Structures are given as C-alpha cells and as structure tokens.
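One structure below.
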Amino acid sequence: MSARTVQVRTAAPYELRLGRGIVHESMRAAREYSAAAVLSDDHVWKLHGDKLQAGDARVVIVPQGERSKSFEQLERVLDALAEVRLDRRSCLVAFGGGVVGDLGGLASALFMRGIDVLQCPTTLLAQVDSSVGGKTAVNLRSGKNLAGAFHQPAGVWIDVDLLTTLDDQDYASGLGEVVKSAVLAGEADFARLEQHAEALLRRDPDLLLDVVEACVRQKAAVVESDEREAGPRRALNLGHTLGHAIERAAGYGRIPHGVAVAVGMLHACVRSAHEGVLQDRDLPARIRRLCARLGLPTGLDELRTRSGAALSEAELADAMQFDKKGALWILPVRLGEVRAVASKG
Ligand SMILES: NC(=O)c1ccc[n+]([C@@H]2O[C@H](COP(=O)([O-])OP(=O)(O)OC[C@H]3O[C@@H](n4cnc5c(N)ncnc54)[C@H](O)[C@@H]3O)[C@@H](O)[C@H]2O)c1
C-alpha cells in the first residue's frame, strides 16, 4: 500500500507521509543529505530500531521518558552530531515519541545554527500532534518546554504499525489529543470517533490511518495559518491551561500529557458554560461519554483516584501561574468552534 500524503504549506513547506510499514522511507530521504544521524530512546530503539534501516548512520540513544528533555541530553546530542562531523547540509532523524521529537527538533535548530530534522513519530501523541508544527523544546527546572525554538521538520513519516507495541497509558495519552483534535475539527470528526470508539481502542490500523490523517490535516491547516502561534494556532491549546497545571502539580512524567489535556478539555467545557461562552449544551456530556469509552478519565476526581496524585485546587492554581499558556483559556463554543478568553487569575 502506498503512503498517503499531506502537504504543510509553511514558509518552508514540507510533506507528511502516512502509512503502514513505511518508516524506513525516512532513511531513503536522509541519504540525500551530506550525512545523517539518528536520535531515538532506548525503549523505542530496542523495539523498532531495525525497522528504520539506519545502515551506518550514527545512532544517538537517550533514556526513555520526559527526563531526557533536558539541557544535559541536549548537549550530549549536539556533541554527538559534532563528533560524526555533520555539517550544515546534514540532517537528524528523530525516531521516537514526543520527547525524542522535541529534543531532536531543538538539537537540529541549534546545531550549526540549524540543520534539517526528519520526524519519525512512534507514539500516537507524536503522530497526531507533536511531530507536526515545528515546536521544539527542553524543560527547565522552573517549568516544562520553557527553552525551545520553532523549527519545522523537513518531512514527517507516520507509520501506524509502530503503535501496536505502545503501552495502554501512552496510547490513552494519544487518544486525549485525538479527542481534542475532533472537538476542534467539528461534528463529522467527532461523530466518527463516537461511531468507532471500540475499534479505535483495539488499534484497528485502517481506522488509525484515517483518524491520524484527520488530526494531522487539521493541525497542518492551523499551523499554516499561524506558524508561530500569534493567533489562530492558540486554539490547539484547548485543554492545555489546566492540562499543563495537572502535569506540573503531579510531577512531570506521572500523568501522560494527553490524559491531562483530556481532563483539561472537560474542565474548559464546564468553565465555558459558566462564562456563558458554550452554545452547545450537550457538548460536555458528549465529550465525557466519549472519553469514558476510550478509557480516559472523565474529570479531575477520577484522575485523582486513578493517579493517586492529590491535585488540590491550590496546587493547580499555583501550577497555572507558571504556564506560558496560563494567560488564556481556550473555551469550546460548539464542535468546531472555540473562543480564547483571558484568564481572570
Ligand atoms: N512539540 C509539540 O508540539 C508537542 C505537542 C504535544 C506534546 N509534546 C511533548 O511530547 C512529549 C510527550 O510525548 P509522548 O507521549 O510521545 O512521550 P514519550 O516520547 O516519552 O513516549 C512515551 C513512552 O512511549 C515509549 N514509546 C514510544 N514509541 C513506542 C512504541 N512504538 N512502542 C512502545 N513504546 C513506545 C517511549 O519509550 C516512552 O517510554 C512531552 O514532552 C510533551 O511536552 C510536544
């Protein structure tokens, strides 16, 4: 089966390729450069490294998990790129989840003032969200993603067959972003998730291809209209104001990003109703029902019980003060429409 393609018409345009068993195609593209290196994490590399067919490219491995989005690992990666004498016409292939994508993206933005990065996302979250759009970052002690750059990839290869090995928690995290994407897209996308929730949970590959394609098409369109998040792109932060506070208050890495976003989105619905912004009164219950069917928590209380994290109101309010996104709430109006509202604190 040949790959599906989506064009991203940013200042430097690029193509997303989606399919089954296609990840090795990225190395074909990488060989067009003067030299290539690969970045992955130890877990992904053990499970899927052979599928990339990296040949004699230098492979840099970081430990799996959020802790690798650090200056320490960034320096290690940059030193490795220098050791193998990559030059300005070389590229880095980022083969992993959002952590590897964000770290590899930032390393590529910095190395010799910028080389190309080819993104090969291996988690559902990275496939539907983080590999597209060019946001890259590492974390600081004072907060997540606080040191970063915009650096669009030169290409993205999305191979849904890699998702079969993802553990349920990480798959659920991707589903949180899938639901968010459908809420932003509108009735047709949301209804498809409602209709096929069980098949999606089973990771049916054909359905996954359709769903991932819908998410990246939507993200590509938003990114094209606002590459550096000056306006419309902020809509993608639906669920992130509280979501980031949840991640911070629980301790980074404890609650997966997309799970926190799903709970944040449900909270945004409640807030939207409270502030008179919500027009579709059935929407909160519909999102809650879908989340439940997809195995996502349906609110803060359930998240507290499941995770064992206290997530007190005071902790969350405190955590929100630190967030870059804290100044704005993205509130749903109806499926396919949100409004950005300044935070009253
Ligand atoms: N740049 C952006 O626009 C953007 C958007 C959303 C999230 N993010 C960032 O993405 C990160 C989260 O990404 P993530 O959820 O992919 O986390 P992750 O990269 O840590 O991956 C989660 C876990 O899944 C494992 N894994 C990856 N692929 C696998 C596979 N195919 N089979 C089995 N295991 C696999 C990893 O080893 C890791 O243990 C956060 O740091 C977040 O800030 C960035």
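For the structure tokens, the naming scheme is as follows: chains receive sequential letters (A, B, ...) according to their order of presentation, residues are indexed from 1 within each chain, and ligands are indexed from 1 in presentation order.
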* **Long-range neighbours of A:Thr123 as a PyMOL selection string, 7 Å cut-off, only C-alpha atoms, 4 positions minimum in chain** => chain A and resi 97+127+163+166
* **Contacts to ligand 1 at 6 Å cut-off (only C-alpha atoms and all ligand atoms) as a PyMOL selection string** => chain A and resi 41+43-44+64-66+96-100+102+122-123+125-126+129-130+135-136+162-163+165-166+170
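The shell of residues at most 12 Å from A:Arg286, with only C-alpha atoms counted and near chain neighbours (fewer than 6 positions) removed, consists of A:Val179, A:Val183, A:Glu187, A:Phe190, A:Ala191, A:Leu193, A:Glu194, A:Leu266, A:Cys269, A:Asp280, A:Ala292, A:Arg293, A:Thr298, A:Arg334, A:Leu335.
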* Asked: A:Arg85: which residues within 12 Å, counting only C-alpha atoms, same-chain residues fewer than 5 positions away excluded, as a PyMOL selection string?
  -> chain A and resi 34-37+57-58+78-80+90-91+111-112
* Please provide the set of residues having any atom within 7 Å of stretch 11-24 of chain A, restricted to only C-alpha atoms, with same-chain residues fewer than 6 positions apart removed, written as a VMD selection string. => chain A and resid 3 to 5 51 to 53 120 154 to 161 209
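The smallest atom-to-atom distance between A:Leu47 and any of A:Ala29, A:Phe95, A:Ala221, A:Ala340, using only C-alpha atoms, is found for A:Phe95.
Here the strand (DSSP E or B) residues in stretch 96-214 of chain A, by DSSP on the backbone, are Gly96, Asp116, Val117, Leu118, Gln119, Cys120, Pro121, Lys135, Thr136, Ala137, Val138, Asn139, Leu140, Gly143, Lys144, Asn145, Leu146, Ala147, Gly148, Ala149, Phe150, Gly155, Val156, Trp157, Ile158 and Asp159 of chain A.
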Can you tell me which residues surround A:Ala137 at a distance of at most 12 Å, considering only C-alpha atoms, apart from same-chain residues fewer than 6 positions away, and format the answer as an mmCIF file with C-alpha atoms, in the first residue's frame?
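Generated file (selection_24.cif):
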data_model
loop_
_atom_site.group_PDB
_atom_site.id
_atom_site.type_symbol
_atom_site.label_atom_id
_atom_site.label_comp_id
_atom_site.auth_asym_id
_atom_site.auth_seq_id
_atom_site.Cartn_x
_atom_site.Cartn_y
_atom_site.Cartn_z
ATOM 1 C CA GLU A 66 10.383 13.072 29.991
ATOM 2 C CA SER A 68 15.543 13.296 28.599
ATOM 3 C CA LYS A 69 14.099 16.664 27.575
ATOM 4 C CA SER A 70 16.990 18.299 29.433
ATOM 5 C CA PHE A 71 19.992 20.505 28.719
ATOM 6 C CA GLN A 73 20.801 15.346 26.964
ATOM 7 C CA LEU A 74 20.650 18.242 24.505
ATOM 8 C CA GLY A 98 7.275 13.472 21.643
ATOM 9 C CA VAL A 99 10.331 13.523 23.896
ATOM 10 C CA VAL A 100 12.699 12.449 21.124
ATOM 11 C CA GLY A 101 10.880 14.692 18.633
ATOM 12 C CA ASP A 102 11.125 17.781 20.840
ATOM 13 C CA LEU A 103 14.744 17.119 21.848
ATOM 14 C CA GLY A 104 15.846 16.199 18.321
ATOM 15 C CA GLY A 105 13.980 19.165 16.891
ATOM 16 C CA LEU A 106 15.729 21.573 19.247
ATOM 17 C CA ALA A 107 19.145 19.973 18.672
ATOM 18 C CA SER A 108 18.593 20.397 14.911
ATOM 19 C CA ALA A 109 17.530 24.013 15.352
ATOM 20 C CA LEU A 110 20.741 24.722 17.261
ATOM 21 C CA SER A 130 3.925 16.871 18.365
ATOM 22 C CA GLY A 143 8.858 24.562 34.038
ATOM 23 C CA LYS A 144 8.129 22.415 31.025
ATOM 24 C CA ASN A 145 9.112 23.416 27.477
ATOM 25 C CA LEU A 146 10.495 26.741 28.670
ATOM 26 C CA ALA A 147 13.598 26.618 26.446
ATOM 27 C CA GLY A 148 12.800 25.965 22.810
ATOM 28 C CA ALA A 149 12.567 27.150 19.242
ATOM 29 C CA PHE A 150 10.265 26.937 16.270
ATOM 30 C CA HIS A 151 11.929 24.628 13.758
#
* Which polymer residues have any atom within 9 Å of an atom of stretch 231-234 of chain A, counting only C-alpha atoms, with same-chain residues fewer than 5 positions away left out, as JSON, numbers by chain? -> {"A": [219, 222, 223, 224, 225, 226, 325, 328, 330, 340]}
Restricting the output to N, CA and C atoms, write the selected residues as a PDB file, in the first residue's frame.
ATOM      1  N   LYS A 219      -4.201  19.854  12.014  1.00  0.00           N
ATOM      2  CA  LYS A 219      -3.080  20.588  12.616  1.00  0.00           C
ATOM      3  C   LYS A 219      -2.298  21.341  11.543  1.00  0.00           C
ATOM      4  N   VAL A 222      -4.016  24.586  10.627  1.00  0.00           N
ATOM      5  CA  VAL A 222      -3.887  25.629  11.659  1.00  0.00           C
ATOM      6  C   VAL A 222      -2.463  26.198  11.669  1.00  0.00           C
ATOM      7  N   VAL A 223      -1.480  25.311  11.559  1.00  0.00           N
ATOM      8  CA  VAL A 223      -0.079  25.747  11.591  1.00  0.00           C
ATOM      9  C   VAL A 223       0.239  26.626  10.378  1.00  0.00           C
ATOM     10  N   GLU A 224      -0.315  26.251   9.221  1.00  0.00           N
ATOM     11  CA  GLU A 224      -0.088  27.058   8.005  1.00  0.00           C
ATOM     12  C   GLU A 224      -0.601  28.486   8.197  1.00  0.00           C
ATOM     13  N   SER A 225      -1.729  28.598   8.897  1.00  0.00           N
ATOM     14  CA  SER A 225      -2.335  29.925   9.028  1.00  0.00           C
ATOM     15  C   SER A 225      -1.627  30.757  10.091  1.00  0.00           C
ATOM     16  N   ASP A 226      -0.821  30.117  10.935  1.00  0.00           N
ATOM     17  CA  ASP A 226      -0.231  30.844  12.067  1.00  0.00           C
ATOM     18  C   ASP A 226       0.959  30.050  12.581  1.00  0.00           C
ATOM     19  N   LYS A 325       0.894  29.192  28.806  1.00  0.00           N
ATOM     20  CA  LYS A 325      -0.449  29.228  28.239  1.00  0.00           C
ATOM     21  C   LYS A 325      -1.480  29.699  29.262  1.00  0.00           C
ATOM     22  N   LEU A 328      -4.358  32.533  28.903  1.00  0.00           N
ATOM     23  CA  LEU A 328      -5.523  32.410  28.021  1.00  0.00           C
ATOM     24  C   LEU A 328      -6.221  31.072  28.230  1.00  0.00           C
ATOM     25  N   ILE A 330      -8.810  28.515  26.384  1.00  0.00           N
ATOM     26  CA  ILE A 330      -9.473  28.213  25.121  1.00  0.00           C
ATOM     27  C   ILE A 330     -10.774  27.498  25.489  1.00  0.00           C
ATOM     28  N   ALA A 340     -10.943  32.185  22.582  1.00  0.00           N
ATOM     29  CA  ALA A 340      -9.866  32.430  23.546  1.00  0.00           C
ATOM     30  C   ALA A 340     -10.316  33.517  24.507  1.00  0.00           C
TER      31      ALA A 340
END
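Nearest-residue note for A:Val62: choosing from A:Gln195, A:Ala230, A:Ser40, A:Asp50, the minimum distance belongs to A:Ser40, counting only C-alpha atoms.
Compared by their closest atoms to A:Leu290, and using only C-alpha atoms, the residues A:Leu118, A:Leu201, A:Val216, A:Ala245 rank with A:Leu201 nearest.
The shortest atom-to-atom distance to A:Gly251, with only C-alpha atoms taken into account, belongs to A:Ser142 out of A:Gln218, A:Gln321, A:Ser272, A:Ser142.
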